[in-house]
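A.B. asks: If it helps, the file is called structure24.csv and holds CSV, C-alpha atoms:
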chain,number,residue,atom,x,y,z
T,901,ASP,CA,0.0,0.0,0.0
T,902,VAL,CA,3.0,2.3,0.0
T,903,THR,CA,3.0,5.0,-2.6
T,904,TYR,CA,6.0,6.8,-4.1
T,905,GLY,CA,6.6,10.2,-5.7
T,906,TRP,CA,7.1,10.4,-9.4
T,907,TRP,CA,10.8,11.0,-8.9
T,908,ALA,CA,11.4,7.7,-7.0
T,909,GLY,CA,12.4,5.7,-10.1
T,910,ASN,CA,14.0,2.9,-8.1
T,911,SER,CA,10.6,2.1,-6.4
T,912,VAL,CA,9.7,-0.1,-9.5
T,913,VAL,CA,12.2,-2.7,-8.3
T,914,THR,CA,10.9,-2.9,-4.8
T,915,SER,CA,10.7,-6.6,-3.9
T,916,ARG,CA,11.8,-7.4,-7.5
T,917,SER,CA,15.5,-8.2,-7.2
T,918,GLY,CA,15.5,-9.9,-10.5
T,919,ARG,CA,14.5,-6.7,-12.3
T,920,PHE,CA,17.0,-4.8,-10.2
T,921,ILE,CA,19.8,-7.2,-11.5
T,922,ALA,CA,18.4,-6.7,-15.1
T,923,SER,CA,18.9,-2.9,-14.8
T,924,HIS,CA,22.5,-3.3,-13.6
T,925,ILE,CA,23.4,-5.7,-16.5
T,926,GLY,CA,21.7,-3.4,-19.0
T,927,HIS,CA,23.8,-0.5,-17.8
T,928,THR,CA,26.9,-2.6,-18.1
T,929,GLY,CA,25.9,-3.5,-21.7
T,930,LEU,CA,25.4,0.2,-22.6
T,931,ILE,CA,28.8,1.1,-21.2
T,932,ALA,CA,30.5,-1.8,-23.1
T,933,PHE,CA,28.7,-0.8,-26.3
T,934,ALA,CA,29.7,2.9,-25.9
T,935,ALA,CA,33.3,1.9,-25.3
T,936,GLY,CA,33.5,-0.5,-28.3
T,937,GLY,CA,31.6,1.8,-30.7
T,938,SER,CA,33.5,5.0,-29.8
T,939,THR,CA,36.8,3.2,-30.1
T,940,LEU,CA,35.9,2.1,-33.7
T,941,TRP,CA,34.7,5.6,-34.5
T,942,GLU,CA,37.9,7.2,-33.3
T,943,LEU,CA,40.0,4.5,-35.1
T,944,ALA,CA,38.2,5.2,-38.4
T,945,ARG,CA,39.1,8.9,-38.3
T,946,TYR,CA,42.4,8.8,-36.5
T,947,ASN,CA,45.3,10.7,-38.1
T,948,PRO,CA,48.7,9.8,-36.5
T,949,GLU,CA,50.1,13.1,-37.7
T,950,ILE,CA,47.8,15.1,-35.4
T,951,PRO,CA,48.0,14.9,-31.6
T,952,MET,CA,45.3,12.8,-30.0
T,953,GLY,CA,44.0,15.8,-27.9
T,954,HIS,CA,43.2,17.7,-31.1
T,955,GLN,CA,41.1,14.7,-32.4
T,956,SER,CA,39.1,14.1,-29.2
T,957,SER,CA,40.6,10.6,-29.2
T,958,LEU,CA,39.7,9.8,-25.6
T,959,PHE,CA,39.3,6.0,-26.0
T,960,LEU,CA,42.5,5.6,-28.1
T,961,GLY,CA,44.3,7.7,-25.5
T,962,HIS,CA,43.3,5.2,-22.8
T,963,LEU,CA,44.4,2.3,-24.9
T,964,ALA,CA,47.7,4.0,-25.6
T,965,ALA,CA,48.2,4.3,-21.8
T,966,PHE,CA,47.9,0.5,-21.7
T,967,GLY,CA,50.4,0.1,-24.5
T,968,VAL,CA,47.7,-0.9,-27.0
T,969,GLY,CA,48.0,0.4,-30.6
T,970,PHE,CA,51.5,1.8,-30.2
T,971,ASP,CA,55.0,0.3,-30.0
T,972,GLU,CA,57.5,0.7,-27.2
T,973,ALA,CA,58.7,4.0,-28.6
T,974,GLY,CA,55.2,5.5,-28.8
T,975,ALA,CA,54.8,5.2,-32.6
T,976,TRP,CA,51.3,4.4,-33.9
T,977,THR,CA,50.8,0.8,-35.1
T,978,GLY,CA,47.1,0.3,-34.5
T,979,VAL,CA,47.7,-3.3,-33.5
T,980,GLY,CA,45.0,-4.7,-31.2
T,981,VAL,CA,42.8,-1.6,-31.2
T,982,ALA,CA,40.0,-3.0,-33.4
T,983,ALA,CA,40.1,-6.3,-31.5
T,984,VAL,CA,39.6,-4.6,-28.2
T,985,ALA,CA,36.7,-2.6,-29.6
T,986,ILE,CA,35.0,-5.7,-31.1
T,987,VAL,CA,35.4,-7.7,-27.9
T,988,HIS,CA,33.5,-4.8,-26.1
T,989,LEU,CA,30.8,-4.9,-28.7
T,990,VAL,CA,30.4,-8.7,-28.4
T,991,LEU,CA,30.2,-8.4,-24.6
T,992,SER,CA,27.6,-5.6,-24.9
T,993,MET,CA,25.4,-8.1,-26.7
T,994,VAL,CA,26.0,-10.7,-24.0
T,995,TYR,CA,25.1,-8.2,-21.3
T,996,GLY,CA,22.1,-7.1,-23.2
T,997,GLY,CA,20.8,-10.7,-23.6
T,998,GLY,CA,21.3,-11.3,-19.9
T,999,ALA,CA,19.4,-8.1,-19.1
T,1000,LEU,CA,16.5,-9.1,-21.3
T,1001,LEU,CA,16.4,-12.6,-19.7
T,1002,HIS,CA,16.2,-11.2,-16.2
T,1003,ALA,CA,13.7,-8.5,-17.3
T,1004,VAL,CA,11.3,-10.8,-19.3
T,1005,TYR,CA,12.0,-14.5,-18.7
T,1006,PHE,CA,13.5,-15.1,-15.2
T,1007,GLU,CA,11.6,-14.5,-12.0
T,1008,ALA,CA,10.9,-10.9,-11.0
T,1009,ASP,CA,12.2,-11.7,-7.5
T,1010,VAL,CA,15.3,-13.8,-7.2
T,1011,ALA,CA,13.9,-15.3,-4.0
T,1012,ASP,CA,11.4,-17.2,-6.2
T,1013,SER,CA,14.1,-18.7,-8.4
T,1014,GLU,CA,14.3,-22.5,-8.7
T,1015,VAL,CA,18.1,-22.3,-8.6
T,1016,PRO,CA,19.3,-22.4,-4.9
T,1017,ARG,CA,22.5,-20.6,-5.7
T,1018,ALA,CA,20.6,-17.7,-7.3
T,1019,ARG,CA,18.3,-17.4,-4.3
T,1020,LYS,CA,21.4,-16.4,-2.2
T,1021,PHE,CA,21.4,-13.1,-4.1
T,1022,LYS,CA,17.9,-12.0,-3.1
T,1023,LEU,CA,17.7,-8.5,-1.6
T,1024,GLU,CA,16.8,-8.4,2.1
T,1025,TRP,CA,17.4,-5.0,3.5
T,1026,ASN,CA,16.8,-6.1,7.1
T,1027,ASN,CA,19.2,-9.0,6.8
T,1028,PRO,CA,22.9,-8.0,7.3
T,1029,ASP,CA,24.1,-11.4,6.2
T,1030,ASN,CA,22.4,-11.1,2.9
T,1031,GLN,CA,23.8,-7.6,2.3
T,1032,THR,CA,27.3,-8.5,3.2
T,1033,PHE,CA,27.2,-11.7,1.0
T,1034,ILE,CA,26.4,-9.6,-2.0
T,1035,LEU,CA,29.0,-7.0,-1.0
T,1036,GLY,CA,31.6,-9.7,-0.8
T,1037,HIS,CA,31.1,-10.7,-4.5
T,1038,HIS,CA,31.4,-7.0,-5.5
T,1039,LEU,CA,34.7,-6.8,-3.6
T,1040,PHE,CA,35.9,-10.1,-5.2
T,1041,PHE,CA,35.5,-8.7,-8.8
T,1042,PHE,CA,37.1,-5.4,-7.8
T,1043,GLY,CA,40.1,-7.3,-6.4
T,1044,MET,CA,40.4,-9.4,-9.5
T,1045,ALA,CA,40.4,-6.3,-11.7
T,1046,CYS,CA,43.2,-4.8,-9.7
T,1047,ILE,CA,45.2,-8.0,-10.1
T,1048,ALA,CA,44.6,-7.9,-13.9
T,1049,PHE,CA,45.8,-4.3,-14.0
T,1050,VAL,CA,49.0,-5.1,-12.0
T,1051,GLU,CA,49.8,-8.2,-14.1
T,1052,TRP,CA,49.2,-6.4,-17.4
T,1053,ALA,CA,51.7,-3.7,-16.4
T,1054,ARG,CA,54.2,-6.3,-15.2
T,1055,ILE,CA,54.0,-8.7,-18.2
T,1056,HIS,CA,52.9,-6.5,-21.1
T,1057,GLY,CA,53.8,-3.0,-19.9
T,1058,ILE,CA,52.1,0.4,-19.8
T,1059,TYR,CA,53.0,3.8,-21.1
T,1060,ASP,CA,55.5,5.8,-18.9
T,1061,PRO,CA,55.2,9.5,-19.6
T,1062,ALA,CA,58.5,10.2,-17.9
T,1063,ILE,CA,60.4,8.4,-20.7
T,1064,GLY,CA,57.8,8.6,-23.4
T,1065,ALA,CA,57.6,4.9,-24.1
T,1066,VAL,CA,55.9,1.7,-23.1
T,1067,ARG,CA,57.8,-0.4,-20.5
T,1068,GLN,CA,57.1,-3.2,-18.1
T,1069,VAL,CA,56.4,-2.1,-14.5
T,1070,ASN,CA,57.0,-4.3,-11.4
T,1071,TYR,CA,54.9,-3.3,-8.4
T,1072,ASN,CA,56.6,-1.8,-5.3
T,1073,LEU,CA,54.7,-3.3,-2.4
T,1074,ASP,CA,56.1,-1.0,0.2
T,1075,LEU,CA,53.5,-0.7,3.0
T,1076,THR,CA,55.1,2.4,4.5
T,1077,MET,CA,55.0,4.2,1.1
T,1078,ILE,CA,51.4,3.1,0.6
T,1079,TRP,CA,50.4,4.4,4.0
T,1080,ASN,CA,52.1,7.7,3.6
T,1081,ARG,CA,50.7,8.2,0.1
T,1082,GLN,CA,47.0,7.7,1.0
T,1083,PHE,CA,46.5,11.5,1.4
T,1084,ASP,CA,49.2,12.5,-1.0
T,1085,PHE,CA,48.4,10.4,-4.1
T,1086,ILE,CA,48.4,13.3,-6.5
T,1087,GLY,CA,52.1,13.7,-6.0
T,1088,ILE,CA,53.0,10.1,-6.9
T,1089,ASP,CA,55.6,10.1,-9.7
T,1090,SER,CA,56.5,6.4,-9.9
T,1091,LEU,CA,54.6,3.8,-11.8
T,1092,GLU,CA,56.1,1.2,-9.5
T,1093,ASP,CA,54.4,2.9,-6.5
T,1094,VAL,CA,51.1,3.1,-8.4
T,1095,MET,CA,51.2,-0.6,-9.2
T,1096,GLY,CA,52.2,-1.4,-5.6
T,1097,GLY,CA,49.1,0.5,-4.4
T,1098,HIS,CA,46.9,-1.5,-6.7
T,1099,ALA,CA,48.5,-4.8,-5.5
T,1100,PHE,CA,47.8,-3.9,-1.9
T,1101,LEU,CA,44.3,-2.9,-2.8
T,1102,ALA,CA,43.7,-6.2,-4.5
T,1103,PHE,CA,44.9,-8.0,-1.4
T,1104,ALA,CA,42.6,-5.9,0.9
T,1105,GLU,CA,39.6,-6.3,-1.4
T,1106,LEU,CA,40.0,-10.1,-1.8
T,1107,THR,CA,40.5,-10.5,2.0
T,1108,GLY,CA,37.3,-8.5,2.6
T,1109,ALA,CA,35.5,-10.4,0.0
T,1110,THR,CA,36.4,-13.7,1.6
T,1111,ILE,CA,35.3,-12.5,5.0
T,1112,HIS,CA,32.0,-11.2,3.7
T,1113,MET,CA,31.2,-14.2,1.6
T,1114,VAL,CA,32.2,-16.9,4.1
T,1115,ALA,CA,31.7,-15.4,7.5
T,1116,GLY,CA,28.8,-13.1,6.8
T,1117,SER,CA,28.2,-9.9,8.9
T,1118,THR,CA,30.0,-9.9,12.2
T,1119,GLN,CA,28.5,-9.1,15.6
T,1120,TRP,CA,30.6,-6.0,15.6
T,1121,GLU,CA,29.2,-4.8,12.3
T,1122,ASN,CA,25.6,-5.4,13.5
T,1123,LYS,CA,26.3,-3.6,16.7
T,1124,ARG,CA,27.7,-0.6,14.9
T,1125,LEU,CA,24.9,-0.5,12.4
T,1126,GLY,CA,22.4,-0.5,15.3
T,1127,GLU,CA,24.2,2.3,17.1
T,1128,TRP,CA,24.4,4.5,13.9
T,1129,SER,CA,20.7,3.9,13.2
T,1130,LYS,CA,19.8,4.8,16.8
T,1131,TYR,CA,21.9,7.9,17.3
T,1132,LYS,CA,22.4,9.2,13.9
T,1133,GLY,CA,18.9,8.6,12.5
T,1134,ALA,CA,20.4,6.7,9.6
T,1135,GLU,CA,19.0,3.6,8.0
T,1136,LEU,CA,22.3,2.0,6.8
T,1137,LEU,CA,20.8,-1.1,5.4
T,1138,SER,CA,18.2,0.6,3.2
T,1139,ALA,CA,18.1,0.9,-0.5
T,1140,GLU,CA,18.4,4.7,-0.2
T,1141,ALA,CA,21.6,4.3,1.9
T,1142,VAL,CA,23.2,1.9,-0.6
T,1143,LEU,CA,22.4,4.2,-3.5
T,1144,SER,CA,23.8,7.2,-1.5
T,1145,TRP,CA,27.1,5.3,-0.9
T,1146,SER,CA,27.3,4.4,-4.5
T,1147,LEU,CA,26.8,8.0,-5.7
T,1148,ALA,CA,29.3,9.3,-3.1
T,1149,GLY,CA,31.9,6.8,-4.3
T,1150,ILE,CA,31.4,7.8,-8.0
T,1151,GLY,CA,31.6,11.4,-7.1
T,1152,TRP,CA,34.8,10.9,-5.2
T,1153,MET,CA,36.4,9.1,-8.1
T,1154,ALA,CA,35.3,12.0,-10.4
T,1155,ILE,CA,37.1,14.4,-8.1
T,1156,ILE,CA,40.3,12.3,-8.1
T,1157,ALA,CA,40.2,12.0,-11.9
Translate the structure of the given file into structure tokens.

C.D. replies:
Amino acid sequence: DVTYGWWAGNSVVTSRSGRFIASHIGHTGLIAFAAGGSTLWELARYNPEIPMGHQSSLFLGHLAAFGVGFDEAGAWTGVGVAAVAIVHLVLSMVYGGGALLHAVYFEADVADSEVPRARKFKLEWNNPDNQTFILGHHLFFFGMACIAFVEWARIHGIYDPAIGAVRQVNYNLDLTMIWNRQFDFIGIDSLEDVMGGHAFLAFAELTGATIHMVAGSTQWENKRLGEWSKYKGAELLSAEAVLSWSLAGIGWMAIIA
């Protein structure tokens, strides 16, 4: 019997976790399609005689930072650029198909699924164990992404603006440096330190993922959530709170960038 204002768009997925998942997969598909399509568009009109910044080559510029499309000396080769773009376009179709399945074919609420493993991802805002189980999987994929980034830099190499060339970068896992740099990250001038930070972040995220997926929420977490809800008037396990944290994280990343 609850009614929502016209602006409460997320209300349509209340008690419909399957549709909530569909929207997330759909957004991922749109991002992959935009990345692949824009890369092909920039590749079709790219002129190696003109600086990238004068051609609005944003996607080619990111690939260049990863050492894709250019040789070790920074000269344009174009090798691998089209392949990366096509992979993103193919993945966008896979994501789109998954979104349609969750939106049309699969159960509207994951809790009604016939697959026991799928039912673990139902959304229960008043169940800390359920929320922390889902959070653990998010942390796992973030950790794996950090490992992929570190290993790519170590094995293939990335562009080093200090020497104007692509080189292999081994991470510097110096915990003292990482601790001292957490509030001074803009002044980092060593790719080894950058990779070391990502390696440490991967370890921290995978450790947190394991704890959240296996052990569930702890008594300490439950106690703190209860204290915050009581004294701060905050509902930390609500859909609105999770959305707020997500927007705050995205905003912080935009400021850093």

A.B. asks: Could you give me, as a VMD selection string, the residues within 9 Å of T:Ala935, counting only C-alpha atoms and dropping anything in the same chain fewer than 3 positions from it?

C.D. replies: chain T and resid 930 to 932 938 to 940 959 985 988 to 989

A.B. asks: Tell me which protein, DNA and RNA residues are within 12 Å of T:Gly1057, counting all atoms listed in the file, leaving out same-chain ones fewer than 2 positions away, and put them as JSON, numbers by chain.

C.D. replies: {"T": [963, 964, 965, 966, 967, 968, 970, 971, 972, 1049, 1050, 1051, 1052, 1053, 1054, 1055, 1059, 1060, 1065, 1066, 1067, 1068, 1069, 1070, 1071, 1091, 1092, 1095]}

A.B. asks: Take the residues from that selection and put them in a file with C-alpha atoms, as a short mmCIF file (atom, residue, chain, number, x, y, z; two decimals), keeping the file's coordinate frame.

C.D. replies:
data_model
loop_
_atom_site.label_atom_id
_atom_site.label_comp_id
_atom_site.auth_asym_id
_atom_site.auth_seq_id
_atom_site.Cartn_x
_atom_site.Cartn_y
_atom_site.Cartn_z
CA LEU T 963 44.40 2.30 -24.90
CA ALA T 964 47.70 4.00 -25.60
CA ALA T 965 48.20 4.30 -21.80
CA PHE T 966 47.90 0.50 -21.70
CA GLY T 967 50.40 0.10 -24.50
CA VAL T 968 47.70 -0.90 -27.00
CA PHE T 970 51.50 1.80 -30.20
CA ASP T 971 55.00 0.30 -30.00
CA GLU T 972 57.50 0.70 -27.20
CA PHE T 1049 45.80 -4.30 -14.00
CA VAL T 1050 49.00 -5.10 -12.00
CA GLU T 1051 49.80 -8.20 -14.10
CA TRP T 1052 49.20 -6.40 -17.40
CA ALA T 1053 51.70 -3.70 -16.40
CA ARG T 1054 54.20 -6.30 -15.20
CA ILE T 1055 54.00 -8.70 -18.20
CA TYR T 1059 53.00 3.80 -21.10
CA ASP T 1060 55.50 5.80 -18.90
CA ALA T 1065 57.60 4.90 -24.10
CA VAL T 1066 55.90 1.70 -23.10
CA ARG T 1067 57.80 -0.40 -20.50
CA GLN T 1068 57.10 -3.20 -18.10
CA VAL T 1069 56.40 -2.10 -14.50
CA ASN T 1070 57.00 -4.30 -11.40
CA TYR T 1071 54.90 -3.30 -8.40
CA LEU T 1091 54.60 3.80 -11.80
CA GLU T 1092 56.10 1.20 -9.50
CA MET T 1095 51.20 -0.60 -9.20
#

A.B. asks: Determine the nearest neighbour of T:Cys1046 from the options T:Leu1073, T:Leu1001, T:Ala1104, T:Val1010, counting all atoms listed in the file.

C.D. replies: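 Ranked by minimum distance to T:Cys1046, first place goes to T:Ala1104.
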
A.B. asks: Which is closer to T:Ser915 than all the others in T:Ile1078, T:Val987, T:Val979, T:Ala1011, using all atoms listed in the file?

C.D. replies: T:Ala1011

A.B. asks: Quick one, how far is atom CA of T:Gly1096 from atom CA of T:Phe1042?

C.D. replies: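 Distance reported for this atom pair: 15.8 Å.
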
A.B. asks: Taking only residues of stretch 954-987 of chain T that have an atom at most 9 Å from an atom of stretch 941-944 of chain T, what is each one's shortest atom pair and its distance in Å to one decimal, using all atoms listed in the file, in chain and number order, as JSON lines?

C.D. replies:
{"residue": "T:Gln955", "atom": "CA", "partner": "T:Glu942", "partner_atom": "CA", "distance": 8.2}
{"residue": "T:Ser956", "atom": "CA", "partner": "T:Glu942", "partner_atom": "CA", "distance": 8.1}
{"residue": "T:Ser957", "atom": "CA", "partner": "T:Glu942", "partner_atom": "CA", "distance": 6.0}
{"residue": "T:Leu958", "atom": "CA", "partner": "T:Glu942", "partner_atom": "CA", "distance": 8.3}
{"residue": "T:Phe959", "atom": "CA", "partner": "T:Glu942", "partner_atom": "CA", "distance": 7.5}
{"residue": "T:Leu960", "atom": "CA", "partner": "T:Glu942", "partner_atom": "CA", "distance": 7.1}
{"residue": "T:Gly978", "atom": "CA", "partner": "T:Leu943", "partner_atom": "CA", "distance": 8.3}
{"residue": "T:Val981", "atom": "CA", "partner": "T:Leu943", "partner_atom": "CA", "distance": 7.8}
{"residue": "T:Ala982", "atom": "CA", "partner": "T:Leu943", "partner_atom": "CA", "distance": 7.7}

A.B. asks: Atom CA of T:Gly926 and atom CA of T:Ala983 are how many Å apart?

C.D. replies: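 Here the two named atoms are 22.4 Å from each other.
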
A.B. asks: What separation in Å, quoted to one decimal, exists between atom CA of T:Glu1007 and atom CA of T:Ile1111?

C.D. replies: 29.2 Å

A.B. asks: Write out as a list in words each polymer residue whose atoms come within 12 Å of T:Glu949, counting only C-alpha atoms; drop sequence neighbours fewer than 5 positions from it.

C.D. replies: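 Everything that qualifies: His954, Gln955, Ala975 and Trp976 of chain T.
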
A.B. asks: Nearest residue to T:Ala908 out of T:Met993, T:Ile950, T:Gly1151, T:Glu1140, using all atoms listed in the file?

C.D. replies: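 Answer, going by the shortest atom-to-atom distance: T:Glu1140.
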
A.B. asks: For T:Asp1093, work out the shell of residues within 9 Å, counting only C-alpha atoms and skipping chain neighbours fewer than 4 positions away, then give it as a VMD selection string.

C.D. replies: chain T and resid 1071 to 1074 1077 to 1078 1088 to 1089 1097 to 1098

A.B. asks: I need the residue nearest T:Met1044 from this list: T:Gly997, T:His927, T:Val1004, T:Phe1103. Use all atoms listed in the file for the distance.

C.D. replies: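 Smallest distance to T:Met1044 is found for T:Phe1103.
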
A.B. asks: Give the answer as one residue: which of T:Tyr995, T:Trp1145, T:Trp1079, T:Phe1033 has the shortest atom-to-atom distance to T:Arg1019, using all atoms listed in the file?

C.D. replies: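 Among the listed residues, T:Phe1033 lies closest to T:Arg1019.
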
A.B. asks: Name the closest residue to T:Asn1030 among the candidates T:Ser1013, T:Phe933, T:Met1113, T:Val990; distances are taken between atoms, counting all atoms listed in the file.

C.D. replies: T:Met1113
